>>> print(open('query_4.csv').read())   # CSV, C-alpha atoms
chain,number,residue,atom,x,y,z
A,1371,MET,CA,161.2,34.1,55.5
A,1372,LEU,CA,157.8,33.4,56.8
A,1373,PHE,CA,156.0,36.5,55.5
A,1374,SER,CA,156.6,38.6,52.5
A,1375,ASP,CA,159.1,40.7,54.4
A,1376,ASN,CA,161.7,40.8,51.6
A,1377,THR,CA,160.1,44.0,50.5
A,1378,ALA,CA,160.8,45.8,53.8
A,1379,GLY,CA,163.3,48.6,53.6
A,1380,ILE,CA,163.4,48.9,49.8
A,1381,GLY,CA,162.9,52.5,49.0
A,1382,SER,CA,161.2,52.0,45.6
A,1383,THR,CA,158.6,49.7,47.0
A,1384,GLY,CA,157.3,51.9,49.8
A,1385,LEU,CA,153.8,50.7,49.1
A,1386,LYS,CA,154.8,47.1,49.5
A,1387,THR,CA,156.6,47.9,52.7
A,1388,LYS,CA,153.5,49.6,54.1
A,1389,ARG,CA,151.4,46.6,53.1
A,1390,THR,CA,153.9,44.2,54.7
A,1391,GLN,CA,153.8,46.2,57.9
A,1392,SER,CA,150.0,46.3,57.8
A,1393,ILE,CA,149.9,42.5,57.3
A,1394,ILE,CA,152.3,41.9,60.2
A,1395,THR,CA,150.1,44.1,62.4
A,1396,HIS,CA,147.0,42.2,61.3
A,1397,ILE,CA,148.7,38.9,62.0
A,1398,ALA,CA,149.7,40.1,65.5
A,1399,ILE,CA,146.1,41.4,66.2
A,1400,LEU,CA,144.5,38.1,65.1
A,1401,ALA,CA,147.1,36.1,67.1
A,1402,ALA,CA,146.2,38.3,70.2
A,1403,PHE,CA,142.5,37.7,69.4
A,1404,SER,CA,143.2,34.0,69.4
A,1405,LEU,CA,144.8,34.2,72.8
A,1406,PHE,CA,141.8,36.2,74.0
A,1407,LEU,CA,139.4,33.6,72.7
A,1408,SER,CA,141.3,30.8,74.3
A,1409,THR,CA,140.9,32.7,77.6
A,1410,VAL,CA,137.2,33.1,77.0
A,1411,GLU,CA,136.9,29.4,76.2
A,1412,TYR,CA,138.7,28.6,79.5
A,1413,MET,CA,136.0,30.5,81.4
A,1414,ILE,CA,133.1,28.7,79.7
A,1415,PRO,CA,132.0,25.7,81.9
A,1416,LYS,CA,132.4,22.4,80.1
A,1417,PRO,CA,130.7,19.1,80.9
A,1418,VAL,CA,134.0,17.2,80.3
A,1419,PRO,CA,137.3,18.9,81.2
A,1420,PHE,CA,139.1,17.9,78.0
A,1421,MET,CA,136.2,19.0,75.7
A,1422,ARG,CA,137.3,22.0,73.6
A,1423,ILE,CA,135.1,24.3,71.5
A,1424,GLY,CA,138.2,25.5,69.6
A,1425,LEU,CA,137.2,29.2,69.7
A,1426,ALA,CA,140.9,30.1,69.4
A,1427,ASN,CA,140.8,28.7,65.8
A,1428,LEU,CA,138.4,31.4,64.8
A,1429,PRO,CA,141.2,33.9,63.9
A,1430,ILE,CA,142.8,31.3,61.6
A,1431,ILE,CA,139.5,30.8,59.8
A,1432,ILE,CA,139.1,34.5,59.4
A,1433,GLY,CA,142.7,34.8,58.3
A,1434,LEU,CA,142.1,32.4,55.3
A,1435,SER,CA,140.6,35.3,53.3
A,1436,LEU,CA,143.2,37.8,54.5
A,1437,PHE,CA,146.6,36.1,54.3
A,1438,SER,CA,148.8,34.0,52.1
A,1439,LEU,CA,149.9,30.5,53.2
A,1440,PRO,CA,153.2,31.6,54.8
A,1441,GLU,CA,151.4,34.4,56.6
A,1442,LEU,CA,148.8,31.9,57.9
A,1443,LEU,CA,151.6,29.7,59.0
A,1444,LEU,CA,153.1,32.6,61.0
A,1445,LEU,CA,149.7,33.3,62.5
A,1446,THR,CA,149.3,29.7,63.5
A,1447,LEU,CA,152.8,29.6,65.0
A,1448,LEU,CA,152.1,32.7,67.0
A,1449,LYS,CA,148.8,31.2,68.3
A,1450,ILE,CA,150.5,27.9,69.3
A,1451,VAL,CA,153.6,29.5,71.0
A,1452,GLY,CA,151.4,32.3,72.6
A,1453,GLN,CA,149.1,29.7,74.1
A,1454,GLY,CA,152.1,27.6,75.2
A,1455,LEU,CA,153.5,30.6,77.0
A,1456,VAL,CA,150.3,31.7,78.6
A,1457,ASN,CA,149.3,28.2,79.7
A,1458,GLY,CA,152.8,27.2,80.6
A,1459,THR,CA,152.7,24.2,78.3
A,1460,LEU,CA,155.4,25.4,75.8
A,1461,PHE,CA,157.9,22.6,76.8
A,1462,SER,CA,155.4,19.8,77.5
A,1463,TYR,CA,153.7,17.1,75.4
A,1464,ILE,CA,150.5,19.2,75.4
A,1465,PHE,CA,152.3,21.7,73.2
A,1466,LEU,CA,153.0,18.9,70.7
A,1467,PHE,CA,149.3,18.0,70.6
A,1468,SER,CA,148.4,21.7,70.1
A,1469,ALA,CA,151.0,22.3,67.4
A,1470,GLY,CA,150.2,19.1,65.5
A,1471,GLY,CA,146.4,19.7,65.6
A,1472,SER,CA,146.6,23.4,64.8
A,1473,LEU,CA,149.2,23.1,61.9
A,1474,ALA,CA,147.3,20.2,60.3
A,1475,SER,CA,143.9,21.9,60.5
A,1476,MET,CA,145.3,25.2,59.2
A,1477,LEU,CA,146.8,23.4,56.2
A,1478,VAL,CA,143.6,21.5,55.4
A,1479,MET,CA,141.4,24.6,55.9
A,1480,TYR,CA,143.7,26.5,53.6
A,1481,ALA,CA,143.5,23.7,51.0
A,1482,VAL,CA,139.7,23.5,51.2
A,1483,TYR,CA,139.4,27.3,51.1
A,1484,THR,CA,141.7,27.6,48.1
A,1485,LEU,CA,140.3,24.6,46.1
A,1486,LEU,CA,136.7,24.5,47.1
A,1487,GLY,CA,136.2,28.0,48.5
A,1488,ARG,CA,133.5,28.9,46.0
A,1489,PHE,CA,131.4,25.9,47.0
A,1490,THR,CA,132.0,25.8,50.8
A,1491,SER,CA,131.1,28.2,53.6
A,1492,TYR,CA,133.2,28.7,56.7
A,1493,ILE,CA,131.1,25.9,58.3
A,1494,GLY,CA,132.5,23.3,55.8
A,1495,ILE,CA,136.0,24.7,56.2
A,1496,SER,CA,135.7,24.6,60.0
A,1497,ILE,CA,134.4,21.0,59.9
A,1498,ALA,CA,137.3,19.9,57.7
A,1499,GLY,CA,139.9,21.6,60.0
A,1500,ALA,CA,138.4,20.1,63.2
A,1501,ILE,CA,138.3,16.6,61.8
A,1502,VAL,CA,141.9,16.7,60.7
A,1503,SER,CA,143.0,18.3,63.9
A,1504,ASN,CA,141.3,15.6,66.0
A,1505,ILE,CA,142.7,12.8,63.8
A,1506,VAL,CA,146.2,14.2,64.2
A,1507,GLN,CA,145.8,14.5,68.0
A,1508,LEU,CA,144.4,11.0,68.2
A,1509,LEU,CA,147.4,9.7,66.2
A,1510,LEU,CA,149.8,11.6,68.6
A,1511,ALA,CA,147.9,10.2,71.6
A,1512,HIS,CA,148.2,6.7,70.1
A,1513,PHE,CA,152.0,6.9,69.7
A,1514,ILE,CA,152.8,9.0,72.7
A,1515,LEU,CA,150.4,8.2,75.5
A,1516,PHE,CA,147.6,5.7,75.2
A,1517,GLY,CA,148.5,3.2,72.6
A,1518,SER,CA,145.8,1.5,70.4
A,1519,SER,CA,143.2,1.9,73.2
A,1520,ILE,CA,142.8,5.5,72.2
A,1521,TRP,CA,140.6,4.4,69.2
A,1522,MET,CA,137.9,3.4,71.6
A,1523,ILE,CA,137.3,7.0,72.5
A,1524,ALA,CA,137.8,8.2,68.9
A,1525,PRO,CA,134.1,8.2,67.8
A,1526,PRO,CA,132.8,10.5,70.6
A,1527,PHE,CA,135.9,12.6,70.4
A,1528,LEU,CA,135.4,13.1,66.6
A,1529,LEU,CA,131.7,13.6,67.0
A,1530,MET,CA,132.3,16.3,69.7
A,1531,GLY,CA,134.8,18.1,67.4
A,1532,PHE,CA,132.3,17.8,64.5
A,1533,ILE,CA,129.5,19.5,66.5
A,1534,THR,CA,131.7,22.3,68.0
A,1535,SER,CA,133.2,23.0,64.5
A,1536,ILE,CA,129.7,23.6,63.1
A,1537,PHE,CA,129.1,26.3,65.8
A,1538,LEU,CA,132.6,27.8,65.1
A,1539,GLY,CA,131.9,27.9,61.4
A,1540,ILE,CA,128.5,29.6,62.0
A,1541,PHE,CA,130.2,32.1,64.2
A,1542,ALA,CA,132.9,32.8,61.5
A,1543,ASN,CA,130.1,33.3,58.9
A,1544,VAL,CA,128.3,35.8,61.1
A,1545,PHE,CA,131.5,37.6,62.2
A,1546,THR,CA,132.9,38.0,58.7
A,1547,GLY,CA,129.4,39.2,57.6
A,1548,LYS,CA,129.0,41.8,60.4
A,1549,SER,CA,132.5,42.9,61.3
A,1550,ARG,CA,133.5,46.4,60.2
A,1551,TRP,CA,137.1,45.7,61.2
A,1552,TYR,CA,137.3,42.6,59.0
A,1553,ASN,CA,135.4,44.1,56.1
A,1554,GLY,CA,137.6,47.2,56.3
A,1555,ILE,CA,140.7,45.1,55.8
A,1556,ILE,CA,139.1,43.2,52.9
A,1557,GLY,CA,138.2,46.5,51.3
A,1558,ARG,CA,141.7,47.9,51.7
A,1559,LYS,CA,143.1,44.6,50.4
A,1560,GLU,CA,141.0,44.8,47.3
A,1561,GLU,CA,142.0,48.5,46.7
A,1562,GLY,CA,145.6,47.5,47.1
A,1563,ARG,CA,145.3,44.8,44.5
A,1564,HIS,CA,143.5,47.0,42.0
A,1565,PRO,CA,144.6,50.6,42.6
A,1566,ASP,CA,143.2,51.8,39.3
A,1567,GLU,CA,139.7,50.4,39.8
B,458,MET,CA,172.0,35.9,82.1
B,459,SER,CA,168.4,37.1,82.4
B,460,LYS,CA,166.1,35.6,85.0
B,461,SER,CA,163.8,34.2,82.3
B,462,ASN,CA,166.7,32.6,80.4
B,463,LEU,CA,168.1,31.1,83.6
B,464,ARG,CA,164.8,29.2,84.2
B,465,ILE,CA,164.8,28.0,80.6
B,466,VAL,CA,168.3,26.7,80.9
B,467,ALA,CA,167.6,25.2,84.4
B,468,GLY,CA,164.5,23.5,83.0
B,469,LEU,CA,166.4,22.2,80.0
B,470,LEU,CA,169.0,20.7,82.3
B,471,MET,CA,166.2,19.1,84.4
B,472,ILE,CA,164.3,17.5,81.6
B,473,PRO,CA,166.8,14.6,80.8
B,474,ALA,CA,167.0,13.8,84.5
B,475,PHE,CA,163.3,13.4,84.4
B,476,LEU,CA,162.7,11.8,81.0
B,477,LEU,CA,165.5,9.2,81.5
B,478,GLN,CA,164.1,8.1,84.9
B,479,HIS,CA,162.0,4.9,84.9
B,480,ASN,CA,161.7,4.2,88.6
B,481,LEU,CA,158.1,5.1,89.3
B,482,VAL,CA,158.7,6.1,93.0
B,483,VAL,CA,161.5,8.6,92.0
B,484,MET,CA,159.4,9.8,89.1
B,485,ALA,CA,156.5,10.5,91.4
B,486,ALA,CA,158.8,12.4,93.8
B,487,GLN,CA,160.2,14.4,90.9
B,488,VAL,CA,156.7,15.3,89.7
B,489,VAL,CA,155.8,16.5,93.2
B,490,PHE,CA,159.1,18.5,93.3
B,491,LEU,CA,158.3,20.1,89.9
B,492,MET,CA,154.7,20.9,91.0
B,493,VAL,CA,156.1,22.7,94.1
B,494,LEU,CA,158.7,24.5,92.0
B,495,ALA,CA,156.0,25.7,89.5
B,496,VAL,CA,153.7,26.9,92.4
B,497,ALA,CA,156.7,28.6,94.1
B,498,LYS,CA,157.2,30.5,90.8
B,499,GLY,CA,153.6,31.7,90.8
B,500,ARG,CA,151.9,29.1,88.6
B,501,ARG,CA,148.7,27.5,89.7
B,502,ILE,CA,147.9,23.8,90.1
B,503,LYS,CA,144.6,22.5,88.8
B,504,PRO,CA,143.9,19.2,90.6
B,505,LEU,CA,141.0,18.1,88.4
B,506,PRO,CA,142.7,18.0,85.0
B,507,ILE,CA,145.8,16.4,86.6
B,508,THR,CA,143.7,13.7,88.2
B,509,ILE,CA,141.8,13.1,84.9
B,510,ILE,CA,145.1,12.8,83.0
B,511,LEU,CA,146.5,10.4,85.6
B,512,ILE,CA,143.4,8.2,85.6
B,513,SER,CA,142.6,8.2,81.9
B,514,VAL,CA,146.2,7.4,80.8
B,515,VAL,CA,146.5,4.6,83.3
B,516,VAL,CA,143.1,3.1,82.5
B,517,MET,CA,143.7,3.3,78.7
B,518,ASN,CA,147.0,1.5,79.1
B,519,LEU,CA,145.5,-1.1,81.4
B,520,LEU,CA,143.3,-2.2,78.5
B,521,GLN,CA,146.4,-3.7,76.8
B,522,VAL,CA,147.3,-6.8,78.8
B,523,ASN,CA,151.0,-6.9,79.6
B,524,GLY,CA,152.8,-9.0,82.2
B,525,LYS,CA,151.7,-10.6,85.5
B,526,VAL,CA,148.0,-10.5,86.3
B,527,LEU,CA,147.5,-8.5,89.6
B,528,PHE,CA,143.7,-9.0,89.8
B,529,SER,CA,140.7,-9.3,87.6
B,530,ILE,CA,137.4,-7.4,87.5
B,531,GLY,CA,135.0,-9.8,85.6
B,532,THR,CA,136.8,-10.6,82.4
B,533,PHE,CA,139.1,-7.6,82.6
B,534,SER,CA,142.6,-8.3,84.0
B,535,VAL,CA,144.7,-5.7,85.5
B,536,THR,CA,148.3,-6.5,84.7
B,537,LEU,CA,151.5,-5.2,86.3
B,538,GLY,CA,153.3,-4.3,83.1
B,539,ALA,CA,150.4,-2.3,81.8
B,540,LEU,CA,150.0,-0.5,85.1
B,541,LYS,CA,153.7,0.4,85.2
B,542,ILE,CA,153.6,1.7,81.6
B,543,GLY,CA,150.4,3.7,82.3
B,544,LEU,CA,151.9,5.3,85.4
B,545,ASP,CA,155.2,6.0,83.6
B,546,LYS,CA,153.4,7.8,80.8
B,547,ALA,CA,151.0,9.7,83.0
B,548,LEU,CA,153.8,10.9,85.4
B,549,THR,CA,155.9,11.9,82.4
B,550,LEU,CA,153.0,13.9,80.9
B,551,ILE,CA,152.3,15.6,84.3
B,552,GLY,CA,155.9,16.2,85.1
B,553,MET,CA,156.6,17.8,81.7
B,554,LEU,CA,153.6,20.0,82.1
B,555,TYR,CA,155.0,21.4,85.4
B,556,VAL,CA,158.6,21.7,84.2
B,557,SER,CA,157.2,23.7,81.3
B,558,GLN,CA,155.2,25.9,83.8
B,559,TYR,CA,158.4,26.5,85.7
B,560,MET,CA,160.4,27.3,82.6
B,561,VAL,CA,157.9,29.9,81.3
B,562,SER,CA,157.3,31.4,84.7
B,563,GLY,CA,160.0,34.0,84.1
B,564,LYS,CA,158.1,35.4,81.1
B,565,PRO,CA,160.8,34.4,78.6
B,566,LYS,CA,161.4,36.8,75.6
B,567,LEU,CA,162.0,34.8,72.5
B,568,PRO,CA,164.9,36.1,70.3
B,569,GLY,CA,164.8,37.4,66.7
B,570,ARG,CA,161.9,38.7,64.6
B,571,PHE,CA,159.6,36.0,65.7
B,572,GLY,CA,160.2,37.0,69.3
B,573,GLN,CA,159.5,40.7,68.5
B,574,LEU,CA,156.2,39.7,66.8
B,575,LEU,CA,155.3,37.6,69.8
B,576,SER,CA,155.9,40.6,72.1
B,577,LYS,CA,153.6,42.6,69.8
B,578,GLN,CA,151.0,39.8,70.0
B,579,PHE,CA,151.1,40.1,73.9
B,580,LEU,CA,150.8,43.9,73.8
B,581,PHE,CA,147.6,43.5,71.7
B,582,PHE,CA,146.4,40.8,74.0
B,583,GLU,CA,146.9,43.0,77.0
B,584,TYR,CA,145.0,45.7,75.2
B,585,ILE,CA,142.0,43.4,74.4
B,586,VAL,CA,141.9,42.1,77.9
B,587,THR,CA,142.1,45.6,79.6
B,588,SER,CA,139.7,47.3,77.2
B,589,TRP,CA,137.1,44.5,76.9
B,590,LYS,CA,133.8,45.3,78.5
B,591,ARG,CA,131.0,42.8,79.1
B,592,PRO,CA,128.9,43.0,76.0
B,593,GLU,CA,125.1,43.6,76.0
B,594,ARG,CA,123.1,40.5,75.2
B,595,GLY,CA,123.4,39.6,71.5
B,596,ARG,CA,126.0,42.2,70.8
B,597,PHE,CA,129.2,40.1,71.3
B,598,ILE,CA,130.4,40.6,67.7
B,599,GLU,CA,129.8,44.4,67.8
B,600,SER,CA,131.8,44.6,71.1
B,601,LEU,CA,134.6,42.6,69.8
B,602,ASP,CA,134.6,44.6,66.6
B,603,SER,CA,134.8,47.8,68.5
B,604,VAL,CA,137.9,46.6,70.5
B,605,LEU,CA,139.6,45.4,67.3
B,606,GLU,CA,139.0,48.7,65.5
B,607,THR,CA,140.1,50.8,68.4
B,608,MET,CA,143.2,48.7,68.9
B,609,GLU,CA,144.2,49.0,65.2
B,610,ASN,CA,143.6,52.8,65.2
B,611,SER,CA,145.4,53.3,68.5
B,612,TYR,CA,148.6,51.6,67.5
B,613,SER,CA,150.7,53.4,64.9
B,614,GLU,CA,152.9,51.0,63.1
B,615,SER,CA,156.2,52.6,63.8
B,616,GLU,CA,155.5,52.7,67.6
B,617,VAL,CA,154.2,49.2,67.7
B,618,SER,CA,157.3,47.9,66.0
B,619,ASN,CA,159.3,49.4,68.8
B,620,SER,CA,157.1,47.6,71.3
B,621,ILE,CA,155.9,50.9,72.7
B,622,PRO,CA,152.1,51.3,72.8
B,623,VAL,CA,150.5,54.7,71.9
B,624,THR,CA,147.8,54.0,74.5
B,625,GLU,CA,148.6,54.4,78.1
B,626,SER,CA,146.3,51.6,79.3
B,627,PRO,CA,147.6,50.0,82.4
B,628,GLY,CA,147.6,46.5,80.9
B,629,ALA,CA,149.7,47.6,77.9
B,630,VAL,CA,152.2,49.4,80.1
B,631,GLN,CA,152.4,46.4,82.3
B,632,ALA,CA,153.1,44.2,79.2
B,633,VAL,CA,155.9,46.5,78.2
B,634,ARG,CA,157.4,46.2,81.7
B,635,ALA,CA,157.0,42.4,81.6
B,636,VAL,CA,159.2,42.1,78.5
B,637,ARG,CA,162.0,44.1,79.9
B,638,THR,CA,165.1,42.0,80.8
B,639,ILE,CA,165.6,41.3,84.4
B,640,ARG,CA,169.1,40.0,85.2
B,641,ALA,CA,169.5,36.9,87.5
B,642,GLY,CA,171.3,37.5,90.7
B,643,THR,CA,174.0,35.1,92.2
B,644,LEU,CA,171.5,33.8,94.8
B,645,GLU,CA,169.1,32.9,92.0
B,646,ILE,CA,171.8,31.1,90.0
B,647,ILE,CA,172.7,29.1,93.1
B,648,THR,CA,169.0,28.3,93.9
B,649,GLU,CA,168.2,27.2,90.3
B,650,SER,CA,171.4,25.1,90.2
B,651,ALA,CA,170.3,23.4,93.5
B,652,PHE,CA,167.0,22.5,91.7
B,653,VAL,CA,168.9,21.0,88.8
B,654,LEU,CA,171.1,19.1,91.3
B,655,PHE,CA,168.1,17.7,93.1
B,656,MET,CA,166.7,16.4,89.8
B,657,TRP,CA,170.0,14.7,88.9
B,658,GLY,CA,170.5,13.4,92.5
B,659,SER,CA,167.1,11.8,92.4
B,660,PHE,CA,167.9,10.4,88.9
B,661,ILE,CA,171.0,8.7,90.4
B,662,ILE,CA,169.0,7.2,93.3
B,663,GLY,CA,166.4,5.8,90.9
B,664,PHE,CA,169.0,4.5,88.5
B,665,SER,CA,170.9,2.8,91.3
B,666,GLY,CA,168.0,0.4,91.8
B,667,ILE,CA,167.7,0.8,95.6
B,668,LEU,CA,164.0,1.7,95.4
B,669,PRO,CA,161.2,-0.6,94.2
B,670,TRP,CA,159.2,-0.1,91.0
>>> encode(input="query_4.csv", output="structure tokens")
Amino acid sequence: MLFSDNTAGIGSTGLKTKRTQSIITHIAILAAFSLFLSTVEYMIPKPVPFMRIGLANLPIIIGLSLFSLPELLLLTLLKIVGQGLVNGTLFSYIFLFSAGGSLASMLVMYAVYTLLGRFTSYIGISIAGAIVSNIVQLLLAHFILFGSSIWMIAPPFLLMGFITSIFLGIFANVFTGKSRWYNGIIGRKEEGRHPDE
Amino acid sequence: MSKSNLRIVAGLLMIPAFLLQHNLVVMAAQVVFLMVLAVAKGRRIKPLPITIILISVVVMNLLQVNGKVLFSIGTFSVTLGALKIGLDKALTLIGMLYVSQYMVSGKPKLPGRFGQLLSKQFLFFEYIVTSWKRPERGRFIESLDSVLETMENSYSESEVSNSIPVTESPGAVQAVRAVRTIRAGTLEIITESAFVLFMWGSFIIGFSGILPW
């Protein structure tokens, strides 16, 4: 089971069921938000067609403080499959690149957030995720498409990812600081954890 | 069988006929066929990314010397083996992209709980797209926040879980209609079968060795 849905339908744990439903809704909202951001990114003019800002990863960065690892995995899968369906790449190699990069970056960002969260802002987390995502995509490109020649374009590719991830991290910092929606969820989550407080 | 599932099945039957093909002339013909198929099903072709994929994959593969030297540009030798490998990989990538476009053109509904959650994601997506207004300068986050808050408040959990939106926004209603199952007619089954037969027919032609490359 991907999310903590084993509580659903158990009468004595109505609160948990409600919380589970609420989590599922928030996952679906953030997954939809991710699709929306990928549409926004599509409309932004880019100097190089394959250059990506990675705006669609913002909901995953936001989700780090809201969800457990299985829930984040579900959010990432929804993002990947949703984008695959919208862009029509679900059954292509491009889907493989998207899935590899997104899953690897989510796992690394989760590890950094969990282990070093107190010492790192969203900027550091975003940089870590982008670098790992780009490395995984370069490895996939090495084995599937380009062969060893791919490492010739690795430095500018990684540099571009590094720069865009800084902007994404800044945006995540500002969004989590300003958003009433996000802070409302955090507030309710805290209340749920400590009902007596 | 639903229309969307029919395209998934047809696509899955086409993929081996494409991936097992190594004659570049037939592969190119199959790619053109898949592009036409995707366009006929309402998808768009973007020439620039396709051209970039084709050129970049071929050029990157040319850097690895392989087989007979065709010509040289300074110290750089263009070899036949590398050119063939590059074209094979580029055509495979482009062909798979369009077979994928064709397969998802029927708006497939994935089964199970994950499929339900995906439908919910698309309902929310439709809501964001239809209710999003161009934000004032410097108020992007506030605008986004307002959409997220309204969306969460507008959808009661029980109704969302049944994939029926509380709001009557046109986009959301359209999204609900989109996920309804449309059954495939006999003509459609025959047409999609003809597409699969074309792919396998071209595979046999390529495999027979009557065409060069």
>>> interface_residues(input="query_4.csv", of="chain A", to="chain B", cutoff="8 Å", atoms="only C-alpha atoms", output="ChimeraX atom specification")
/A:1391-1392,1394-1395,1398-1399,1401-1403,1405-1406,1419-1420,1448,1452,1455,1457-1464,1515-1517,1519-1520,1545,1548-1551
>>> atom_distance(input="query_4.csv", atom1="atom CA of Gly658 of chain B", atom2="atom CA of Ala497 of chain B")
20.6 Å
>>> atom_distance(input="query_4.csv", atom1="atom CA of Val493 of chain B", atom2="atom CA of Leu1466 of chain A")
23.9 Å
>>> atom_distance(input="query_4.csv", atom1="atom CA of Ile646 of chain B", atom2="atom CA of Ser459 of chain B")
10.3 Å
>>> residues_around(input="query_4.csv", residues="Val1478 of chain A", least_positions_apart="4", cutoff="8 Å", atoms="only C-alpha atoms", output="list in words")
Ala1474, Val1482, Ala1498, Gly1499 and Val1502 of chain A
>>> residues_around(input="query_4.csv", residues="Phe664 of chain B", least_positions_apart="2", cutoff="10 Å", atoms="only C-alpha atoms", output="ChimeraX atom specification")
/B:477-480,483,658-662,666-668
>>> closest_residue(input="query_4.csv", among="A:Ile1523, A:Val1451, A:Ile1501, A:Leu1434", to="Thr1484 of chain A", atoms="only C-alpha atoms")
A:Leu1434
>>> closest_residue(input="query_4.csv", among="B:Lys541, B:Pro473, B:Ile507, B:Ser588", to="Trp670 of chain B", atoms="all atoms listed in the file")
B:Lys541
>>> residues_around(input="query_4.csv", residues="Ile1431 of chain A", least_positions_apart="6", cutoff="10 Å", atoms="all atoms listed in the file", output="PyMOL selection string")
chain A and resi 1442+1475-1476+1479-1480+1483+1492-1493+1495-1496+1499+1538-1539+1542-1543+1546
